[in-house]
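Colleague: I'd like to ask you about the structure that follows.
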Amino acid sequence: MEALISIAIGSLTASGIYLMLRQRTWPVIIGLTLLSYAVNVFIFAAGRLATGLPAIIAKDAPGYTDPLPQALVLTAIVISFGMTAVIVLMSLGAWLTEGHDRVDMDDREGEGK
Amino acid sequence: MHHWIIAPVVLPAILAPLVVLLMRHDLRLQRLFGLAGTAALALLSVALLSAATANPAEAYHLGNWPAPFGIVLVLDRLSALMLVLTAVLALAVQAYAVATGWDARGRHFHALFLFQLMGLNGAFLTGDAFNLFVFFEVLLIASYGLMIHGAGGDRLRAGVQYIAFNLIASTLFLFALATIYGVTGTLNMADLAVKVAALPEGDAALVRVAAILMLAVFAIKGALVPLQFWLPGTYANAPGPVAALFAIMTKVGAYAIIRTTTLIFPPDTPAIGSLVADLMLPAALATLAIGAIGTLGATTLPRLAAFAAIASMGTLFTALSAFTPQATAAALYYLVHSTLATAAIFLIADLVTSRRGSAALAPQGRIDRQGPLAAAFFATAIALAGMPPLSGFLGKLLILDATRGDAALVWSVILGSSFLMVLGLSRAGSVLFWKSHATDTAPAPHPPQTAAFAAVAALLAGLVLLTVLAGPVTDWLATAAQSLAEPDAYIAANRLEEDP
């Protein structure tokens, strides 16, 4: 299970970074999303992997799994979802007004308008 | 005084939705409540500052949950100073935005502005590392809205870059937090200070990785080389008043580095050692050099201001990487100074650009109100370059005094870059004001905008005040730096020993 989780986090991060380095906004956004998936699983794993255990201390259970990372992941998911929505809308706006979706810009264009 | 600690977060958090929901069709009401909210924040911050001066660090336990489990807000001298600085800057910038009509060029300026202040205040107050992440996101999402205020294709595209950079930074921050939690089992900063100091040797490598990841995140915010690429494009394309407000955004990175390196990862911790200082000093000197060279090479006035901001962050981080109370006090003095000076140069750049119709640093005809603008630019340039008599000179002097140990390298970079900045700023000033003064064309008519000039004058008056009151201010900051170096009061305020 540890190996499976770490391979999953590793491949998500690697694909995320590769896509992030592309020149068009759409792959960059997908890359950012993959990276945030990777970090969500990573946070989850930071509370140690325990299978079949409740997230609260109960008398009849043999142990418990750390509930705090689950709360942290929830917060991180909500925030990254919102941020992704913002960047999607902004890139759409940039694409519609400019007619292309390249990420890089010329230093001198349009400053101080 | 106790419950007032949370007021700087709650007040804008309540006011901003009201502005969005109830006043979205009435700009005058938005302006009234926006300005009133910021003014109230300023009063609150001053009250908290006087409380932090009289008392040791004080913690506010949210929901009264005991410290390592619940979230705490901690008020000490450093956070109170940042609150006051934010509120004063925000008031001047908001007044400027109202006076120039920038807030009418798009929708929801004042609501976003208040949300931004909520995030800033929360980030300065929080005593919990994950909560710091959450407040970072609050201030960022508001800054995205402000950054593209008034829209336009280039601004949108620069905004996409800015968001992408910050999303990467946020993801790195989460990786760092998860690693820290995996090693220590806590995210409360005071608890982390205790746990990291007593860490078994086998875990030291993991904590070091987390510490560097975290510092990288704060370095992105603080525009430390090699993570400064986002800054010139963002600041130069942002609306003038927003760029001026962003002068405090880079300082959030500096604040977070001060807080974490004094509290959680101090150099005397065996797991950290001199690791942070060894990385930060070369990066800071490179930042300073690149900022100074950038002011020489800038082709537009907002870009010149952005590189001046980078140079000021370089000076600040140079002082911070000495890790002595004296250097920290000098850095804090310079932090206050550079926030006001950077904001002033962005506002002046906006005033000049709106009169010239172009931002390019090229000779052009005379502009309306050339005299006062040239005077304001001259004063701000003196402050930015660190020439006497303004506070930039005193700040650099304090930093030079605090870095005697490494004088050959640090002094030559600071002094050399100051010289480059003098050159860059005087080149810009002579192109903008002297060469155009020689032409005979009458200036194009423009609204006088007296209130906008008053806002710039207020920022410059802040610089003068900082210079005149340098003695008491540095004494106060020395005490603040001392309590940062010995964070016992900060840790005690969290009442960790009351664990059930």
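Quick note on naming: the chains in the structure tokens go A, B, ... in the order shown, residues restart at 1 in each chain, and ligands are numbered from 1 in order of appearance.
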Which residues of chain B are close to chain A, meaning at most 9 Å apart when you count only C-alpha atoms, and how do they look as an NGL selection string?
Modeller: :B and (130 or 134 or 137 or 141 or 144 or 148 or 152-161 or 163-164 or 167-168 or 170-172 or 174-175 or 177-183 or 185 or 232-233 or 236-240 or 299-303 or 349-350 or 353-354 or 357-360)
Colleague: Can you list, as a PyMOL selection string, every residue of chain A that DSSP puts in alpha helix (DSSP H)?
Modeller: chain A and resi 2-20+25-46+68-98
Colleague: Using only C-alpha atoms, determine which residues lie at most 9 Å from Gly63 in chain A, disregarding the query and same-chain residues fewer than 5 positions distant; provide the list as a count of residues only.
Modeller: 5
Colleague: Restricting the calculation to only C-alpha atoms, which member of B:Asp268, B:His437, B:Phe165, B:Gly273 is positioned closest to Lys221 in chain B?
Modeller: B:Phe165
Colleague: Got a sec: who's within 6 Å of range 413-426 of chain B, counting only C-alpha atoms, leaving out chain neighbours fewer than 3 positions off, as a list in words?
Modeller: Ala289, Ala292, Thr295, Leu296, Ala385, Val410, Gly429 and Ser430 of chain B
Colleague: Please list as a PyMOL selection string every residue within 12 Å of Pro270 in chain B, counting only C-alpha atoms and excluding residues in the same chain fewer than 6 positions away.
Modeller: chain B and resi 196-205+207-208+264
Colleague: Tell me, as an MDAnalysis selection string, which residues lie within 12 Å of Leu32 in chain B, counting only C-alpha atoms; anything in the same chain fewer than 3 positions away does not count.
Modeller: chainID B and resid 15 19 23 26:29 35:40 94:95 98 110:111
Colleague: Give the answer as one residue: which of B:Ser483, B:Thr467, B:Thr324, B:Asn494 has the shortest atom-to-atom distance to Thr126 in chain B, using only C-alpha atoms?
Modeller: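 Under the stated criterion, the closest residue is B:Asn494.
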Colleague: Range 48-262 of chain B: which residues are strand (DSSP E) by DSSP, as a VMD selection string?
Modeller: chain B and resid 58 to 61 72 to 75
Colleague: Work out how far CA of Ala67 in chain B is from CA of Lys59 in chain A, in Å to one decimal.
Modeller: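 Separation between CA of Lys59 in chain A and CA of Ala67 in chain B: 25.6 Å.
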Colleague: Show me, as a PyMOL selection string, the residues that have an atom within 10 Å of Ala454 in chain B when counting only C-alpha atoms, minus same-chain residues fewer than 5 positions from it.
Modeller: chain B and resi 92+95-96+99+449+459-461
